[in-house]
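K.L.:
One structure, pasted below without further comment.
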Amino acid sequence: MSETRDIDMSVRIGGLTLRNPVMPASGTFAEGLESVIDFNRLGAMVTKTITRELRAGNPLPRVVEQPGGMINAIGIPSKGVPYFIERTLPCYTPYDTPLVVSISAPTAEGFASLAAELSIPGVAAIEANISCPNIEEDGKAFAMRAESTENVTRHLRAATNLPLWMKLTPNTGDMPEVARAAEAAGADAVVVANTILSMAIDLKTFKPCLGNIMGGLSGPAVKPIVLRHVFQCARAVGIPVIGCGGISCADDAAEYLLAGASAVQVGTATFVKPAVMVDIIDGLATFCQRRDIPRVADLIGATVIEEADEPDVSWLSPAS
Amino acid sequence: MAVHRDLSPETPPPPPPAEEDDSHARWKASVVSELARVVDNRAINAEYRHLVADCGEESAQARPGQFFQLLCPQPPGGGQPFLRRPMSLYGVDPEKRRVEFLYKVAGLGTRGLETLRAGDRLDIMGPLGQGFRLNADCRHIVAVGRGAGLATLAPLAKAAEARGIGVTAILSARRPDLLVSVELFRHHGAEVITVTDSQSTSGPANVERLLRRLIAEGRCDAFFTCGSSRLMGVQQRLAREFDLPGQVAMEQQMACGIGLCHCCVRDFNVNGEIVSRRVCWDGPVFDLMEALP
C-alpha cells in the first residue's frame, strides 16, 4: 500500500470516477472472491450478466483449457431480476466501490426494460452485454453490426440515466464501426471486448470438447488480438474504451492503457491467480512510480506512434 | 461480512465484526494461494501417489471434505496446465501446518504433480468449499468410498475419532492392492470393510447387505460417501427406508474453484424441484438425499 501513496490511480469513465482502473470482467466475479481479495481495493465491481428470463445455462462441459487460455460456454445462467435485487445486490452494497451491473436480453426492448428496472440505488453503471444473440436478427449478436448496436444502444440510452457501457464482441469484422455506432447512440463507454468465438475437439472421442460445441476463448492467448481492437476502437471514438482480454499482470494492464484503454477488466487470470487484480493495481502504481509518471491516467493512449510508423491501413482494414 | 462460509456446527462462531465503518482494516483473506513446500511425494500403490506439503496457517485450517486448487507444474514433454486442478484434502495437521493429497496420475496436471520432489514449491489455493459436517449427536457413522472418494473420506477418520464418534468404513476398489486409506481409518479406530471387483464383493447388492447389517446393529447414524454414484444410490434408498441422514462429496470439472465461473454445476433435487448448484462453492459436500447421479 505504501508504494501506491504517491501515484494518482484514479481514472474517469464518463461521469464515473474510479479509484483505480482495474475491475473484474463480467462472469468472472462473484461474492466468493471476497474470501480472497478486499473488494474495497478494486476500481469497480462488475456482476455476472443478468437476464430477465431464468436461464439454466449450457450443458456441460462448459470449459476446456487451451495453451495460454481457455474456451468457455457457460450460457449465462441467470436467476432473474428479483433474485438479483433481493439476494445478490445486498452482497455488494457494503463496499465503497461502484457496482456495474451487466445485463443481457434477446431484444432491444428487452435490454431497455431491464436497464430501467435495474437503475436503482446501489447500481453505479449498466454494462450491456450485446455480444449475445439477437432473436430479432436471426440470432446474430447485436454487436456484430453497427446498425443493431446503434438501435439497442438508443433504446438503452432512453431507458436509463446511469452511465451506459456497451460490451462489444471481437467476432465482428469492424469493431471501430460498431464502437462508433454505440457512441453515436449515447453510450458512455465501450468495453473491448468479449471472448473470441472458438472451439476444440476431443481426439479420443471425436466430439467437441464443449457441451455447446463452440465457446469463447479468453486468457493470455487473446491478449495481442484484443489489444489491437482496443487500439483501433480508441482511435475511432471519443468515449472511454475499457480494455478486456487476457490481462494477467500489471504490464499487460499498462499495455492496454497505452493502447488507449481508460480502464481494464481482468477475467480469466482470476481463475488461476485469485488475487491477481490487487497485484495488478499495486503493480500499475509501481510501474508509474518507476517512470516518474504522476497519474496512471497519463498512460491512457500514450503509445508513441511516429508519423512514419502509422499503420498500413491496407492490411489493417477490417476486410483483410 | 460473509467470508467463506463453513456450515460445520462444531465451528466456533465468527468473531463479532469490528468497527462497522472500518471494513478496509477488518478484511482478512480466508482463502489464500501460497507456495507450499513439498515434503514428500511418492507412489503408495500402482495407481495412487501421496503428496505431503508444508503450508501456512490458513491452509492448515482445512476441514474434512474441503479441497484445494493446485497450480500444477509443467510435466516433462511440455504442455503447461493453464487452469488449477481441484484436489480433495487427504490429511491436515494444523500444528505442523501440513496438508496431504492423494492423486492418480491421469492427465496433464497430475503428470506435472508427479514431478515434484521434496523441497519443491507448489502453488496451492484453499481451503475451499463446504466440508463434511459431523453432527455431535451422531454416535456411529458409516463412510462408503471408491476411487478418489477413498482419499476424500479419509480425513473423516481423525475428525470422528476426536469427537468420539465411531466409524465403519466400507472401502471399494477394483483390486485389493489398489485400496487406499485402509490403515489410516484403522489407525483412528475405525472398523474397515474392504470390497473389490476382483473378489466380486463390490457390487451394490453386497454393499447394501453390509449396510443393512450395520443399520440393524445400530452402527449407522449417518452415511458419508464419495466416489461412486451406484453406491450413493444404495445409501439414498437405505437412508429413505430408515430415515437416516447422509452427506455426499461430489466431483465435477472446475475452473475457478470459488464460485465465480459456474463451470462445475450439477443438478440437485431439493424437495422435488431441480436446482443447479456449484460443486466448488455450494459443495463439494451435499445432502445425500438431494444429490442426483
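Labels for the C-alpha cells follow display order: chains A, B, ..., residues from 1 in each chain, ligands from 1.
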If we count only C-alpha atoms, which residues of chain A reach to within 8 Å of chain B? Please list them as a PyMOL selection string.

P.N.:
chain A and resi 27-38+40+56+60-63+65-70+74+270-274

K.L.:
Do a neighbour search on Arg37 in chain B at 6 Å with only C-alpha atoms, toss out local chain neighbours closer than 2 positions, and write the hits as a PDB file with all heavy atoms, in the first residue's frame.

P.N.:
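Output file part20.pdb follows:
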ATOM      1  N   ALA B  53       2.773 -31.604   1.941  1.00  0.00           N
ATOM      2  CA  ALA B  53       3.396 -30.286   1.773  1.00  0.00           C
ATOM      3  C   ALA B  53       3.221 -29.440   3.026  1.00  0.00           C
ATOM      4  O   ALA B  53       2.157 -29.466   3.666  1.00  0.00           O
ATOM      5  CB  ALA B  53       2.779 -29.563   0.570  1.00  0.00           C
ATOM      6  N   ASP B  54       4.266 -28.695   3.363  1.00  0.00           N
ATOM      7  CA  ASP B  54       4.180 -27.717   4.450  1.00  0.00           C
ATOM      8  C   ASP B  54       3.461 -26.474   3.921  1.00  0.00           C
ATOM      9  O   ASP B  54       3.733 -26.019   2.806  1.00  0.00           O
ATOM     10  CB  ASP B  54       5.582 -27.321   4.918  1.00  0.00           C
ATOM     11  CG  ASP B  54       6.224 -28.422   5.752  1.00  0.00           C
ATOM     12  OD1 ASP B  54       5.475 -29.207   6.364  1.00  0.00           O
ATOM     13  OD2 ASP B  54       7.465 -28.506   5.776  1.00  0.00           O
ATOM     14  N   GLY B 119      11.147 -30.466  -1.158  1.00  0.00           N
ATOM     15  CA  GLY B 119      11.811 -29.166  -1.253  1.00  0.00           C
ATOM     16  C   GLY B 119      11.247 -28.290  -2.360  1.00  0.00           C
ATOM     17  O   GLY B 119      11.418 -27.078  -2.335  1.00  0.00           O
ATOM     18  N   ASP B 120      10.573 -28.900  -3.342  1.00  0.00           N
ATOM     19  CA  ASP B 120       9.974 -28.102  -4.416  1.00  0.00           C
ATOM     20  C   ASP B 120       8.811 -27.283  -3.881  1.00  0.00           C
ATOM     21  O   ASP B 120       8.210 -27.620  -2.855  1.00  0.00           O
ATOM     22  CB  ASP B 120       9.458 -29.017  -5.537  1.00  0.00           C
ATOM     23  CG  ASP B 120      10.583 -29.623  -6.363  1.00  0.00           C
ATOM     24  OD1 ASP B 120      11.738 -29.178  -6.194  1.00  0.00           O
ATOM     25  OD2 ASP B 120      10.306 -30.545  -7.160  1.00  0.00           O
ATOM     26  N   ARG B 121       8.479 -26.223  -4.609  1.00  0.00           N
ATOM     27  CA  ARG B 121       7.334 -25.388  -4.238  1.00  0.00           C
ATOM     28  C   ARG B 121       6.125 -25.764  -5.085  1.00  0.00           C
ATOM     29  O   ARG B 121       6.260 -26.075  -6.258  1.00  0.00           O
ATOM     30  CB  ARG B 121       7.677 -23.911  -4.448  1.00  0.00           C
ATOM     31  CG  ARG B 121       8.804 -23.421  -3.543  1.00  0.00           C
ATOM     32  CD  ARG B 121       8.314 -23.335  -2.113  1.00  0.00           C
ATOM     33  NE  ARG B 121       9.319 -22.738  -1.244  1.00  0.00           N
ATOM     34  CZ  ARG B 121       9.025 -22.187  -0.075  1.00  0.00           C
ATOM     35  NH1 ARG B 121       7.789 -22.179   0.377  1.00  0.00           N
ATOM     36  NH2 ARG B 121       9.982 -21.672   0.666  1.00  0.00           N
TER      37      ARG B 121
END

K.L.:
Would you mind telling me which residue in B:Cys220, B:Gln236, B:Gly77, B:Glu47 lies nearest to Leu108 in chain B when using only C-alpha atoms?

P.N.:
B:Gly77

K.L.:
List as a PyMOL selection string the protein and nucleic acid residues near Ser59 in chain B, meaning an atom at most 9 Å away when only C-alpha atoms are counted, but skip any in the same chain fewer than 2 places from it.

P.N.:
chain B and resi 30-34+55-57+61-62+68+92+94+97-99+124-127

K.L.:
What does the structure give for the distance between CA of Gln66 in chain B and CA of Ala222 in chain B, in Å to one decimal?

P.N.:
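Answer for the CA of Gln66 in chain B to CA of Ala222 in chain B separation: 18.9 Å.
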
K.L.:
Suppose you want the space between CA of Asp174 in chain A and CA of Glu307 in chain A; what is it in Å?

P.N.:
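Atom-to-atom, CA of Asp174 in chain A to CA of Glu307 in chain A, that is 24.1 Å.
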
K.L.:
Which residues come within 6 Å of range 103-119 of chain A, counting only C-alpha atoms, excluding same-chain residues fewer than 4 positions away, as a ChimeraX atom specification?

P.N.:
/A:49-51,128-129,134-135,152,155-156,159-160
